[in-house]
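Below: one structure, written as structure tokens.
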Amino acid sequence: MRLTTKGRYAVTAMLDLALHAQKGPVSLSDISERQSISVSYLEQLFAKLRKGALVSSVRGPGGGYQLARATDDIHVAEIIDAVDESVDATRCGGHGDCQQGATCLTHELWSDLSQQIHHFLAGISLQELVSRREVQAVAIRQSEVQERRLRAERGMDQLASAF
């Protein structure tokens with residue numbers, strides 16, 4: 001079973017958004033910088049997340065994205081579902097045509113596992129993830145790195161303008 005990059009990045013971006021939501025709308029460029037996900041990929045994901053009513057966009061200066069619902073009302077499985085990702089442990093994509101068009105011996109086992117994983121992820125809210133100490137520690141580190149980078153860029157700009 002494998003969760004692809006699309007699902008992982010969508011969950012990561014939504015968690016980043018939830019962690020920084022108190023500051024107002026969050027730009028995709030800020031998420032991109034903190035999470036090392038390209039802005040163009042985030043644009044694709046957020047179009048699907050918006051369509052799935054998980055985020056809303058705010059236009060204009062200071063614009064960006066915000067959560068469409070409270071963090072305790074958004075669950076990991078919803079995020080994965082919104083970006084058309086499936087958590088599927090079968091080799092046939094759940095179609096039951098695993099063995100030359102017929103169901104293989106272990107199809108039901110892997111299908112049941114897929115359902116259990118989806119159920120598990122449906123039980124985890126963004127709020128639960130935001131509340132985890134280790135998640136908060138990583139978010140603090142990422143914000144500090146981003147702030148140092150911004151200060152360095154401003155210093156270079158000031159140095160360049162002096163000449």
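Labels for the structure tokens follow display order: chains A, B, ..., residues from 1 in each chain, ligands from 1.
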
Using only C-alpha atoms, which residues sit within 9 Å of range 83-86 of chain A once same-chain residues fewer than 5 positions away are excluded, as a list in words?
->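 Once the adjacent positions are removed, what remains is Leu3, Thr4, Lys6, Gly7, Ala10, Gln44, Leu45, Phe46, Ala47, Lys48, Leu49, Gly52, Glu78, Gly93, Ser114 and His118 of chain A.
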
Please give the complete set of residues from range 58-114 of chain A that DSSP, run on the backbone, assigns to alpha helix (DSSP H), formatted as a list in words.
-> Val76, Ala77, Glu78, Ile79, Ile80, Asp81, Ala82, His107, Glu108, Leu109, Trp110, Ser111, Asp112, Leu113 and Ser114 of chain A

Do you have, as a Markdown table, the list of residues of range 89-129 of chain A lying at most 9 Å from range 15-24 of chain A, each with its nearest atom pair and that distance in Å to one decimal, counting only C-alpha atoms and ordered by chain then number?
```
| residue | atom | partner | partner_atom | distance |
| --- | --- | --- | --- | --- |
| A:Leu126 | CA | A:Leu15 | CA | 6.4 |
| A:Gln127 | CA | A:Ala18 | CA | 8.0 |
| A:Leu129 | CA | A:Leu15 | CA | 7.5 |
```

Go ahead and save the residues from that selection, with C-alpha atoms, as a PDB file, in the first residue's frame.
```pdb
ATOM      1  CA  LEU A 126      -6.281  18.594  11.727  1.00  0.00           C
ATOM      2  CA  GLN A 127      -6.782  19.812  15.292  1.00  0.00           C
ATOM      3  CA  LEU A 129      -2.287  16.978  14.461  1.00  0.00           C
TER       4      LEU A 129
END
```

Nearest residue to Ser32 in chain A from the set A:Gly94, A:His107, A:Gln142, A:Gln115 (distances using only C-alpha atoms) |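 Closest to Ser32 in chain A of all the choices is A:Gln142.
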
Spatial neighbours of Ile31 in chain A, max dist 7 Å, only C-alpha atoms, sep filter under 4 positions, as number ranges by chain | A: 13, 16, 27, 35

Identify, on the basis of only C-alpha atoms, every residue whose closest approach to range 54-63 of chain A does not exceed 8 Å; exclude the query and any residue fewer than 2 positions from it along the same chain; express the result as a list in words.
-> Pro25, Val26, Ser27, Phe46, Leu49, Arg50, Lys51, Gly52, Tyr65, Gln66, Leu67, Ala68, Arg69, Ile74 and Ile79 of chain A

Would you write out those residues with C-alpha atoms, as a PDB file, in the first residue's frame?
```pdb
ATOM      1  CA  PRO A  25      -4.820  34.030   5.061  1.00  0.00           C
ATOM      2  CA  VAL A  26      -1.689  32.042   4.207  1.00  0.00           C
ATOM      3  CA  SER A  27      -0.012  32.420   0.822  1.00  0.00           C
ATOM      4  CA  PHE A  46      -5.547  23.911  -3.531  1.00  0.00           C
ATOM      5  CA  LEU A  49      -9.160  21.437  -1.855  1.00  0.00           C
ATOM      6  CA  ARG A  50     -11.241  24.544  -2.614  1.00  0.00           C
ATOM      7  CA  LYS A  51     -13.593  22.489  -4.785  1.00  0.00           C
ATOM      8  CA  GLY A  52     -13.861  20.032  -1.878  1.00  0.00           C
ATOM      9  CA  TYR A  65      -5.928  30.649   1.683  1.00  0.00           C
ATOM     10  CA  GLN A  66      -7.767  29.891   4.870  1.00  0.00           C
ATOM     11  CA  LEU A  67      -9.509  26.831   6.202  1.00  0.00           C
ATOM     12  CA  ALA A  68     -13.183  26.639   5.256  1.00  0.00           C
ATOM     13  CA  ARG A  69     -14.064  24.880   8.504  1.00  0.00           C
ATOM     14  CA  ILE A  74     -11.492  18.596   8.910  1.00  0.00           C
ATOM     15  CA  ILE A  79      -8.098  15.887   2.476  1.00  0.00           C
TER      16      ILE A  79
END
```

Write out as a ChimeraX atom specification the residues lying within 12 Å of Phe120 in chain A, counting only C-alpha atoms and excluding same-chain residues fewer than 2 positions away.
-> /A:75-78,87,113-118,122-125

Quick one: pick out all strand (DSSP E or B) residues within chain A from a backbone DSSP run and write them as a PyMOL selection string.
-> chain A and resi 26+55-58+64-67+75+99+102+125

Closest of A:Gly101, A:Gly155, A:Gly96, A:Gly64 to Ser29 in chain A - atom-to-atom distances counting only C-alpha atoms =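 Closest to Ser29 in chain A, using only C-alpha atoms: A:Gly64.
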
Gap from CA of Ser131 in chain A to CA of Arg148 in chain A - Å, one decimal |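 About the pair CA of Ser131 in chain A and CA of Arg148 in chain A: they are 25.1 Å apart.
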
In Å to one decimal, how far is CA of Asp72 in chain A from CA of Ala139 in chain A?
->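 Atom-to-atom, CA of Ala139 in chain A to CA of Asp72 in chain A, that is 18.6 Å.
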
Interatomic distance (Å, one decimal) between CA of Val135 in chain A and CA of Glu153 in chain A | 27.0 Å

Spatial neighbours of Arg91 in chain A, max dist 10 Å, only C-alpha atoms, sep filter under 3 positions, as a ChimeraX atom specification | /A:1,88,94-99,104,107,110-111
